[in-house]
>>> print(open('my_file-v7.cif').read())   # mmCIF, C-alpha atoms and all ligand atoms
data_upload
#
loop_
_atom_site.label_atom_id
_atom_site.label_comp_id
_atom_site.auth_asym_id
_atom_site.auth_seq_id
_atom_site.Cartn_x
_atom_site.Cartn_y
_atom_site.Cartn_z
CA MET U 1341 104.14 125.88 85.25
CA THR U 1342 107.39 126.14 87.16
CA ASP U 1343 109.82 123.20 87.15
CA SER U 1344 112.87 123.80 89.35
CA VAL U 1345 115.92 121.79 90.33
CA PHE U 1346 117.44 121.98 93.82
CA THR U 1347 120.46 120.23 95.24
CA LYS U 1348 119.38 118.34 98.34
CA ASP U 1349 121.03 120.95 100.59
CA GLN U 1350 119.36 123.75 98.65
CA TRP U 1351 115.98 122.04 99.15
CA LEU U 1352 116.47 121.86 102.93
CA THR U 1353 117.52 125.52 103.01
CA ALA U 1354 114.52 126.45 100.85
CA LEU U 1355 112.18 124.66 103.29
CA GLU U 1356 113.71 126.57 106.20
CA GLY U 1357 113.00 129.80 104.31
CA LEU U 1358 109.44 128.73 103.55
CA LYS U 1359 108.69 128.48 107.26
CA THR U 1360 107.83 132.20 107.22
CA SER U 1361 104.96 131.44 104.81
CA TYR U 1362 103.83 127.95 105.84
CA LYS U 1363 103.80 125.56 108.76
CA ILE U 1364 105.84 122.82 107.11
CA PHE U 1365 105.38 119.12 107.90
CA VAL U 1366 108.12 116.71 106.86
CA PRO U 1367 108.86 112.99 107.32
CA VAL U 1368 111.10 112.48 110.36
CA LYS U 1369 112.71 109.28 111.58
CA ASP U 1370 111.09 108.36 114.87
CA GLY U 1371 112.50 105.12 116.34
CA ASP U 1372 111.94 102.34 113.82
CA PHE U 1373 109.40 104.33 111.81
CA HIS U 1374 108.90 107.64 110.07
CA THR U 1375 106.25 110.16 110.98
CA PHE U 1376 105.24 113.62 109.73
CA LYS U 1377 106.31 116.34 112.13
CA ALA U 1378 106.44 120.13 112.00
CA LEU U 1379 109.79 121.45 110.81
CA ASP U 1380 109.66 124.23 113.38
CA GLU U 1381 109.97 121.76 116.23
CA GLY U 1382 113.63 121.26 115.41
CA HIS U 1383 113.08 117.98 113.58
CA LYS U 1384 115.41 116.92 110.79
CA PRO U 1385 113.60 115.87 107.61
CA ASP U 1386 114.47 112.47 106.18
CA PHE U 1387 113.27 112.16 102.59
CA ASP U 1388 115.06 108.84 102.12
CA TYR U 1389 112.10 106.91 103.46
CA LYS U 1390 109.45 104.46 102.23
CA ASN U 1391 106.37 105.89 103.90
CA THR U 1392 105.29 107.00 107.35
CA ARG U 1393 103.57 104.51 109.63
CA MET U 1394 100.71 106.93 110.39
CA SER U 1395 99.28 108.63 107.33
CA PRO U 1396 99.46 112.44 107.18
CA LYS U 1397 95.65 112.75 107.32
CA SER U 1398 95.94 114.20 110.84
CA VAL U 1399 97.44 117.44 109.46
CA VAL U 1400 94.04 118.20 107.88
CA TYR U 1401 91.84 116.11 110.17
CA PRO U 1402 93.31 115.92 113.70
CA GLN U 1403 92.93 112.73 115.68
CA SER U 1404 91.30 114.83 118.43
CA GLU U 1405 89.80 118.20 117.62
CA ARG U 1406 88.02 120.70 119.86
CA MET U 1407 84.87 121.71 118.00
CA PHE U 1408 83.09 123.87 120.59
CA GLU U 1409 83.60 125.15 124.11
CA TYR U 1410 81.04 126.20 126.69
CA THR U 1411 80.56 127.08 130.29
CA LEU U 1412 77.89 125.91 132.70
CA ASP U 1413 78.69 128.72 135.14
CA GLY U 1414 75.36 130.55 135.61
CA SER U 1415 77.14 133.77 136.59
CA ASP U 1416 78.72 133.96 133.11
CA PRO U 1417 76.46 135.80 130.62
CA ASP U 1418 77.53 133.26 127.96
CA ALA U 1419 76.56 130.26 130.12
CA HIS U 1420 75.20 127.29 128.13
CA ILE U 1421 76.14 128.85 124.79
CA MET U 1422 78.24 126.66 122.50
CA LYS U 1423 81.06 128.70 120.99
CA GLU U 1424 83.26 127.47 118.18
CA ALA U 1425 86.72 126.64 119.51
CA GLU U 1426 89.61 128.58 118.02
CA LYS U 1427 91.41 126.72 115.23
CA ASP U 1428 94.49 127.38 113.17
CA TYR U 1429 93.93 127.59 109.42
CA SER U 1430 97.11 129.44 108.55
CA PRO U 1431 98.87 127.99 105.46
CA LYS U 1432 100.45 124.57 105.92
CA ALA U 1433 102.44 122.33 103.59
CA ILE U 1434 102.98 118.58 103.80
CA VAL U 1435 106.34 118.15 102.11
CA GLY U 1436 107.26 114.63 101.06
CA ILE U 1437 103.73 113.25 101.07
CA ARG U 1438 103.51 110.11 98.94
CA PRO U 1439 101.14 110.15 95.94
CA CYS U 1440 98.89 107.47 97.50
CA ASP U 1441 98.33 109.68 100.55
CA ALA U 1442 97.51 112.69 98.34
CA HIS U 1443 95.07 110.49 96.38
CA ALA U 1444 93.54 109.50 99.73
CA PHE U 1445 92.60 113.14 100.44
CA GLN U 1446 90.67 113.15 97.14
CA ILE U 1447 88.80 110.02 98.23
CA VAL U 1448 87.99 111.49 101.67
CA LYS U 1449 86.95 114.83 100.13
CA LEU U 1450 83.94 113.08 98.59
CA ASN U 1451 82.68 112.47 102.11
CA PHE U 1452 83.52 115.78 103.80
CA ASP U 1453 82.90 118.23 100.97
CA THR U 1454 79.68 117.46 99.12
CA PRO U 1455 77.00 119.73 97.59
CA GLU U 1456 74.65 118.75 100.46
CA TYR U 1457 77.08 118.71 103.39
CA ARG U 1458 80.36 120.50 103.94
CA ASP U 1459 82.35 119.75 107.04
CA PRO U 1460 83.69 123.28 107.63
CA TRP U 1461 86.73 122.21 109.63
CA TRP U 1462 87.88 119.50 107.24
CA VAL U 1463 87.34 121.78 104.23
CA LYS U 1464 89.22 124.71 105.79
CA GLY U 1465 92.02 122.39 106.91
CA PHE U 1466 92.31 120.91 103.44
CA GLU U 1467 92.13 124.23 101.60
CA SER U 1468 94.85 125.74 103.77
CA THR U 1469 97.22 122.84 103.05
CA THR U 1470 99.63 122.56 100.11
CA LEU U 1471 100.56 118.99 99.21
CA VAL U 1472 104.16 118.71 98.04
CA GLY U 1473 104.54 115.10 96.92
CA LEU U 1474 107.62 112.94 96.70
CA GLY U 1475 107.34 110.22 94.06
CA CYS U 1476 108.27 106.68 95.05
CA ASN U 1477 111.49 105.47 93.40
CA GLU U 1478 111.29 102.15 95.28
CA PRO U 1479 107.70 101.18 96.15
CA CYS U 1480 107.20 98.67 98.99
CA ALA U 1481 106.14 95.07 98.35
CA THR U 1482 102.82 95.89 99.99
CA CYS U 1483 102.05 98.91 97.75
CA PHE U 1484 99.25 98.57 95.21
CA CYS U 1485 98.45 102.16 94.21
CA THR U 1486 98.49 101.23 90.51
CA ALA U 1487 95.62 98.77 91.07
CA VAL U 1488 93.33 101.44 92.56
CA GLY U 1489 93.72 104.34 90.17
CA GLY U 1490 97.02 105.82 91.37
CA GLY U 1491 100.70 105.35 90.78
CA PRO U 1492 104.10 106.00 92.39
CA PHE U 1493 104.39 109.31 90.51
CA ASP U 1494 100.68 110.00 90.09
CA GLU U 1495 100.00 113.73 90.30
CA LYS U 1496 96.34 113.45 91.22
CA GLY U 1497 95.63 115.52 94.32
CA LEU U 1498 99.14 116.97 94.54
CA ASP U 1499 100.11 120.64 94.27
CA VAL U 1500 103.78 119.89 93.61
CA MET U 1501 105.50 116.67 92.56
CA VAL U 1502 109.12 116.20 93.60
CA TYR U 1503 111.38 113.69 91.82
CA ASP U 1504 114.41 112.39 93.68
CA LEU U 1505 117.07 112.33 90.97
CA GLY U 1506 119.90 111.20 93.24
CA GLU U 1507 122.00 114.35 93.77
CA THR U 1508 119.10 116.70 93.13
CA PHE U 1509 115.36 117.14 93.54
CA LEU U 1510 113.25 118.22 90.59
CA ALA U 1511 110.15 120.07 91.83
CA LYS U 1512 107.29 120.36 89.38
CA ALA U 1513 104.38 122.67 90.20
CA ILE U 1514 101.01 121.14 89.33
CA THR U 1515 98.45 123.63 90.67
CA GLU U 1516 98.44 127.37 91.38
CA LYS U 1517 98.96 126.58 95.05
CA GLY U 1518 102.00 124.54 94.04
CA GLU U 1519 103.32 127.27 91.77
CA ASP U 1520 103.08 129.70 94.65
CA PHE U 1521 105.04 127.29 96.86
CA ILE U 1522 107.82 126.82 94.30
CA ASP U 1523 107.97 130.56 93.55
CA LYS U 1524 108.60 131.18 97.25
CA ALA U 1525 111.26 128.45 97.48
CA GLN U 1526 114.63 130.16 97.19
CA GLY U 1527 117.80 128.74 95.65
CA GLY U 1528 116.62 126.46 92.83
CA SER U 1529 117.35 126.77 89.14
CA GLU U 1530 115.16 126.16 86.12
CA ALA U 1531 114.92 122.48 85.19
CA ASP U 1532 116.71 121.56 81.95
CA ASP U 1533 115.77 118.84 79.45
CA LYS U 1534 118.13 116.33 81.03
CA ALA U 1535 116.41 116.61 84.42
CA LEU U 1536 112.94 116.42 82.87
CA LYS U 1537 113.86 113.28 80.90
CA ALA U 1538 115.39 111.66 83.99
CA ALA U 1539 112.15 112.34 85.87
CA GLU U 1540 110.08 110.78 83.13
CA ALA U 1541 112.25 107.64 83.04
CA LEU U 1542 112.11 107.34 86.83
CA SER U 1543 108.34 107.56 86.81
CA SER U 1544 107.85 104.78 84.28
CA SER U 1545 110.47 102.41 85.76
CA SER U 1546 108.97 102.82 89.22
CA ARG U 1547 105.46 102.03 88.00
CA ASP U 1548 106.77 98.75 86.55
CA LYS U 1549 108.04 97.72 90.00
CA ILE U 1550 104.52 97.45 91.42
CA GLN U 1551 103.32 93.96 90.63
CA ALA U 1552 100.27 93.66 92.88
CA SER U 1553 97.09 93.04 90.99
CA VAL U 1554 93.99 93.72 93.04
CA PRO U 1555 90.86 93.04 91.01
CA THR U 1556 88.04 95.47 91.77
CA ASP U 1557 86.39 95.71 88.34
CA LYS U 1558 83.38 93.50 89.15
CA LEU U 1559 82.55 94.94 92.58
CA LYS U 1560 80.05 97.43 91.19
CA ASP U 1561 78.05 94.64 89.51
CA LYS U 1562 77.65 92.54 92.65
CA GLY U 1563 74.47 92.69 94.70
CA ILE U 1564 74.94 94.26 98.14
CA THR U 1565 72.78 91.62 99.81
CA GLU U 1566 74.61 88.73 98.13
CA LEU U 1567 78.00 90.08 99.25
CA PHE U 1568 76.68 90.92 102.71
CA GLU U 1569 75.36 87.41 103.20
CA ALA U 1570 78.28 85.64 101.51
CA PRO U 1571 79.73 82.70 103.47
CA PHE U 1572 83.39 83.84 103.34
CA TRP U 1573 83.16 86.53 106.08
CA ASP U 1574 83.75 84.06 108.94
CA ASP U 1575 87.03 83.01 107.35
CA VAL U 1576 88.08 86.61 106.59
CA ALA U 1577 87.34 87.72 110.16
CA PHE U 1578 88.61 84.62 111.99
CA ALA U 1579 92.03 85.95 113.05
CA CYS U 1580 91.08 89.61 113.59
CA ILE U 1581 91.67 90.87 117.12
CA ASN U 1582 89.71 94.10 116.59
CA CYS U 1583 92.74 96.21 117.46
CA GLY U 1584 91.71 99.00 115.06
CA THR U 1585 95.24 99.41 113.70
CA CYS U 1586 94.04 99.13 110.10
CA THR U 1587 91.56 101.99 110.47
CA TYR U 1588 93.78 104.34 112.48
CA LEU U 1589 96.68 104.05 110.03
CA CYS U 1590 94.47 104.29 106.96
CA PRO U 1591 94.51 107.60 105.08
CA THR U 1592 91.01 106.95 103.69
CA CYS U 1593 89.21 106.04 106.95
CA TRP U 1594 87.22 109.04 108.14
CA CYS U 1595 84.90 107.88 110.95
CA PHE U 1596 84.74 109.88 114.17
CA ASP U 1597 82.94 110.07 117.48
CA ILE U 1598 81.86 113.24 119.30
CA GLN U 1599 82.17 113.54 123.06
CA ASP U 1600 81.80 116.24 125.68
CA GLU U 1601 84.54 116.64 128.24
CA VAL U 1602 83.63 118.76 131.23
CA PHE U 1603 86.21 120.19 133.64
CA GLY U 1604 84.43 121.75 136.63
CA LYS U 1605 81.95 124.12 135.03
CA ASP U 1606 83.70 124.39 131.67
CA GLY U 1607 83.35 121.95 128.83
CA ASP U 1608 84.71 121.11 125.40
CA ARG U 1609 82.92 119.25 122.63
CA ILE U 1610 85.59 117.14 120.95
CA ARG U 1611 85.62 114.89 117.94
CA ASN U 1612 87.98 111.95 117.89
CA TRP U 1613 88.80 109.42 115.21
CA ASP U 1614 86.81 106.27 115.81
CA SER U 1615 86.94 102.80 114.28
CA CYS U 1616 84.27 100.46 112.93
CA MET U 1617 86.44 97.65 114.29
CA PHE U 1618 85.57 98.58 117.90
CA PRO U 1619 82.40 97.12 119.51
CA LEU U 1620 81.56 100.49 121.14
CA PHE U 1621 81.41 102.17 117.72
CA THR U 1622 77.81 101.09 117.14
CA LEU U 1623 76.62 100.60 120.71
CA HIS U 1624 73.25 102.36 121.08
CA GLY U 1625 72.18 104.21 124.21
CA SER U 1626 69.55 101.49 124.67
CA GLY U 1627 72.28 98.89 125.07
CA HIS U 1628 71.48 97.31 121.71
CA ASN U 1629 74.46 96.84 119.41
CA PRO U 1630 73.72 96.09 115.74
CA ARG U 1631 77.34 94.99 115.23
CA ASP U 1632 78.16 93.17 118.42
CA LYS U 1633 80.01 90.34 116.66
CA LYS U 1634 83.52 90.57 115.27
CA VAL U 1635 82.50 89.18 111.91
CA GLN U 1636 79.94 91.97 111.49
CA ARG U 1637 82.58 94.62 112.15
CA VAL U 1638 85.18 93.14 109.82
CA ARG U 1639 82.53 92.78 107.12
CA GLN U 1640 81.55 96.43 107.62
CA ARG U 1641 85.11 97.62 107.06
CA PHE U 1642 85.54 95.75 103.80
CA MET U 1643 81.99 96.33 102.55
CA HIS U 1644 82.40 100.06 103.17
CA LYS U 1645 85.71 100.29 101.33
CA LEU U 1646 84.97 97.88 98.51
CA LYS U 1647 81.19 98.00 97.96
CA TYR U 1648 79.23 100.81 99.66
CA TYR U 1649 81.74 103.48 98.58
CA VAL U 1650 81.90 102.01 95.08
CA ASP U 1651 78.10 102.15 94.70
CA LYS U 1652 77.66 105.56 96.31
CA TYR U 1653 80.42 107.61 94.69
CA HIS U 1654 81.19 105.85 91.39
CA ASN U 1655 84.83 106.72 91.99
CA GLY U 1656 86.58 103.36 92.40
CA VAL U 1657 87.24 101.93 95.85
CA GLN U 1658 87.77 103.71 99.17
CA CYS U 1659 91.44 102.77 99.24
CA SER U 1660 94.52 104.42 97.75
CA GLY U 1661 96.68 101.29 97.90
CA CYS U 1662 99.16 102.64 100.49
CA GLY U 1663 99.51 99.14 101.93
CA ARG U 1664 99.64 100.27 105.59
CA CYS U 1665 96.85 97.96 106.73
CA VAL U 1666 98.60 95.05 105.01
CA ARG U 1667 101.98 95.90 106.58
CA TYR U 1668 100.80 96.51 110.12
CA CYS U 1669 97.86 94.16 110.72
CA PRO U 1670 99.19 91.94 113.53
CA VAL U 1671 97.39 88.88 112.15
CA ASN U 1672 98.09 89.47 108.43
CA ILE U 1673 94.60 90.20 107.19
CA ASP U 1674 95.19 91.47 103.68
CA ILE U 1675 92.73 93.77 101.89
CA ARG U 1676 94.19 92.65 98.53
CA GLU U 1677 93.06 89.09 99.24
CA VAL U 1678 89.64 90.22 100.46
CA ALA U 1679 89.17 92.32 97.29
CA LYS U 1680 89.97 89.23 95.22
CA ILE U 1681 87.40 87.15 97.14
CA MET U 1682 84.69 89.82 96.89
CA ASN U 1683 85.40 90.61 93.25
CA GLY U 1684 85.29 86.94 92.28
CA TYR U 1685 82.25 85.96 94.37
CA THR U 1686 79.36 84.53 92.37
S1 LIG U 1701 94.64 95.54 112.01
FE1 LIG U 1701 94.06 93.39 111.55
S2 LIG U 1701 93.60 92.51 113.59
FE2 LIG U 1701 93.59 94.74 113.85
S3 LIG U 1701 91.41 95.31 113.55
FE3 LIG U 1701 92.42 95.52 111.55
S4 LIG U 1701 92.05 93.53 110.52
FE4 LIG U 1701 91.65 93.20 112.72
S1 LIG U 1702 92.60 100.29 103.15
FE1 LIG U 1702 94.73 99.77 103.65
S2 LIG U 1702 95.85 99.94 101.70
FE2 LIG U 1702 93.88 101.00 101.44
S3 LIG U 1702 94.29 103.15 101.89
FE3 LIG U 1702 93.60 102.18 103.83
S4 LIG U 1702 95.48 101.50 104.87
FE4 LIG U 1702 96.02 101.96 102.72
#
>>> encode(input="my_file-v7.cif", output="structure tokens")
Amino acid sequence: MTDSVFTKDQWLTALEGLKTSYKIFVPVKDGDFHTFKALDEGHKPDFDYKNTRMSPKSVVYPQSERMFEYTLDGSDPDAHIMKEAEKDYSPKAIVGIRPCDAHAFQIVKLNFDTPEYRDPWWVKGFESTTLVGLGCNEPCATCFCTAVGGGPFDEKGLDVMVYDLGETFLAKAITEKGEDFIDKAQGGSEADDKALKAAEALSSSSRDKIQASVPTDKLKDKGITELFEAPFWDDVAFACINCGTCTYLCPTCWCFDIQDEVFGKDGDRIRNWDSCMFPLFTLHGSGHNPRDKKVQRVRQRFMHKLKYYVDKYHNGVQCSGCGRCVRYCPVNIDIREVAKIMNGYT
């Protein structure tokens, strides 16, 4: 596999050159936060960042996506026929994605790409995207990737791992997709032993900086009914204002709603991210709502991530430890604390 070293200027020039082969998304400073934006919109990448506020899941799975279009105009021979809306699956690359967010795509893949059901749009979006990771030299206090099967330099789910060695970037290809990306990146030189050793040292020192322990080992042994009926949910949910921030920022939340929007005689069928924290999420056409109370919705979020997913997929928890929901919840509800309560409940 190809391991190449680039000065930081060479890396930026290489990314400019790669725009002929990929639509490149990079972290960009946007007010007080960072966000992934397309390089071809004139944005300046800033790789000296902790993580973006919104996860990059929208590159593969847009927040709003036109699925079908139709016309109700009887004079049109195609009237009332649903046609798939045009979508762009040309090659894309998310450059600078953190390992937790790459791990999150692997978690979500288990939902959208199964032997029984394949979501064609998610799968095509994912397959056309190359994930070029940037390891975390300085994880945040809210990060806990190491407690949920990841790590600040974990390669799982990445096509390329980039190490920030101060003056230079070391780019290590992990998959064929990644090798193709690095082969196309002009201006680098072959990595020498010194760079490889520096990368190794960086990876292990960074892992040691993450102290959060989030016990999840006993979740699989708990009874669903016992956890569902446990008395602690009122306390967990007490402060929640059902704003949905935790679910919208989360790279492993995948729920959506489908709506028709009609303009005159033409219509679009659109899917939009939705949130289990909103009362309308489960409102039936009959008016009945099986989760009309806040405590039921908060319980659903944590039971889904920490129990239903665990039992269904046997793949750990539905969380990559990015810490966004901990950082941005306006009332400080902390999934690490809830995991401790659920894991220790007897
Ligand atoms: S971010 Fe916090 S307050 Fe908002 S819905 Fe999530 S848990 Fe509730
Ligand atoms: S549940 Fe919270 S910490 Fe886990 S992946 Fe989602 S936003 Fe990140």
>>> residues_near_ligand(input="my_file-v7.cif", ligand="ligand LIG 1701 (chain U)", cutoff="10 Å", atoms="only C-alpha atoms and all ligand atoms", output="PyMOL selection string")
chain U and resi 1576-1589+1615-1618+1634+1637-1638+1641-1642+1664-1675
>>> closest_residue(input="my_file-v7.cif", among="U:Gly1414, U:Gly1490, U:Pro1619, U:Gly1357", to="ligand LIG 1702 (chain U)", atoms="all atoms listed in the file")
U:Gly1490
>>> closest_atom_pairs(input="my_file-v7.cif", of="segment 1365-1396 of chain U", to="segment 1431-1439 of chain U", cutoff="10 Å", atoms="only C-alpha atoms", output="JSON lines")
{"residue": "U:Phe1365", "atom": "CA", "partner": "U:Ile1434", "partner_atom": "CA", "distance": 4.8}
{"residue": "U:Val1366", "atom": "CA", "partner": "U:Val1435", "partner_atom": "CA", "distance": 5.3}
{"residue": "U:Pro1367", "atom": "CA", "partner": "U:Gly1436", "partner_atom": "CA", "distance": 6.7}
{"residue": "U:Phe1376", "atom": "CA", "partner": "U:Ile1434", "partner_atom": "CA", "distance": 8.1}
{"residue": "U:Lys1377", "atom": "CA", "partner": "U:Ile1434", "partner_atom": "CA", "distance": 9.2}
{"residue": "U:Ala1378", "atom": "CA", "partner": "U:Ile1434", "partner_atom": "CA", "distance": 9.0}
{"residue": "U:Leu1379", "atom": "CA", "partner": "U:Val1435", "partner_atom": "CA", "distance": 9.9}
{"residue": "U:Pro1385", "atom": "CA", "partner": "U:Gly1436", "partner_atom": "CA", "distance": 9.2}
{"residue": "U:Asp1386", "atom": "CA", "partner": "U:Gly1436", "partner_atom": "CA", "distance": 9.1}
{"residue": "U:Phe1387", "atom": "CA", "partner": "U:Gly1436", "partner_atom": "CA", "distance": 6.7}
{"residue": "U:Asp1388", "atom": "CA", "partner": "U:Gly1436", "partner_atom": "CA", "distance": 9.8}
{"residue": "U:Tyr1389", "atom": "CA", "partner": "U:Gly1436", "partner_atom": "CA", "distance": 9.4}
{"residue": "U:Lys1390", "atom": "CA", "partner": "U:Arg1438", "partner_atom": "CA", "distance": 8.8}
{"residue": "U:Asn1391", "atom": "CA", "partner": "U:Arg1438", "partner_atom": "CA", "distance": 7.1}
{"residue": "U:Thr1392", "atom": "CA", "partner": "U:Ile1437", "partner_atom": "CA", "distance": 9.0}
{"residue": "U:Ser1395", "atom": "CA", "partner": "U:Ile1437", "partner_atom": "CA", "distance": 9.0}
{"residue": "U:Pro1396", "atom": "CA", "partner": "U:Ile1437", "partner_atom": "CA", "distance": 7.5}
>>> residues_around(input="my_file-v7.cif", residues="Thr1411 of chain U", least_positions_apart="3", cutoff="8 Å", atoms="all atoms listed in the file", output="PyMOL selection string")
chain U and resi 1416+1418-1421+1605-1607
>>> closest_residue(input="my_file-v7.cif", among="U:Arg1406, U:Lys1524, U:Lys1549, U:Arg1393", to="ligand LIG 1702 (chain U)", atoms="all atoms listed in the file")
U:Arg1393
>>> closest_residue(input="my_file-v7.cif", among="U:His1624, U:His1443, U:Lys1558, U:Lys1423", to="ligand LIG 1702 (chain U)", atoms="only C-alpha atoms and all ligand atoms")
U:His1443
>>> residues_around(input="my_file-v7.cif", residues="Asp1520 of chain U", least_positions_apart="5", cutoff="10 Å", atoms="all atoms listed in the file", output="PyMOL selection string")
chain U and resi 1342+1470+1499-1500+1513+1515+1525
>>> residues_around(input="my_file-v7.cif", residues="Glu1530 of chain U", least_positions_apart="3", cutoff="10 Å", atoms="all atoms listed in the file", output="VMD selection string")
chain U and resid 1342 to 1346 1510 to 1511 1533 1535
>>> residues_around(input="my_file-v7.cif", residues="Phe1452 of chain U", least_positions_apart="6", cutoff="9 Å", atoms="only C-alpha atoms", output="list in words")
Arg1458, Asp1459, Pro1460, Trp1462, Val1463 and Trp1594 of chain U
>>> residues_around(input="my_file-v7.cif", residues="segment 1644-1659 of chain U", least_positions_apart="5", cutoff="7 Å", atoms="all atoms listed in the file", output="ChimeraX atom specification")
/U:1447,1488,1559-1560,1592
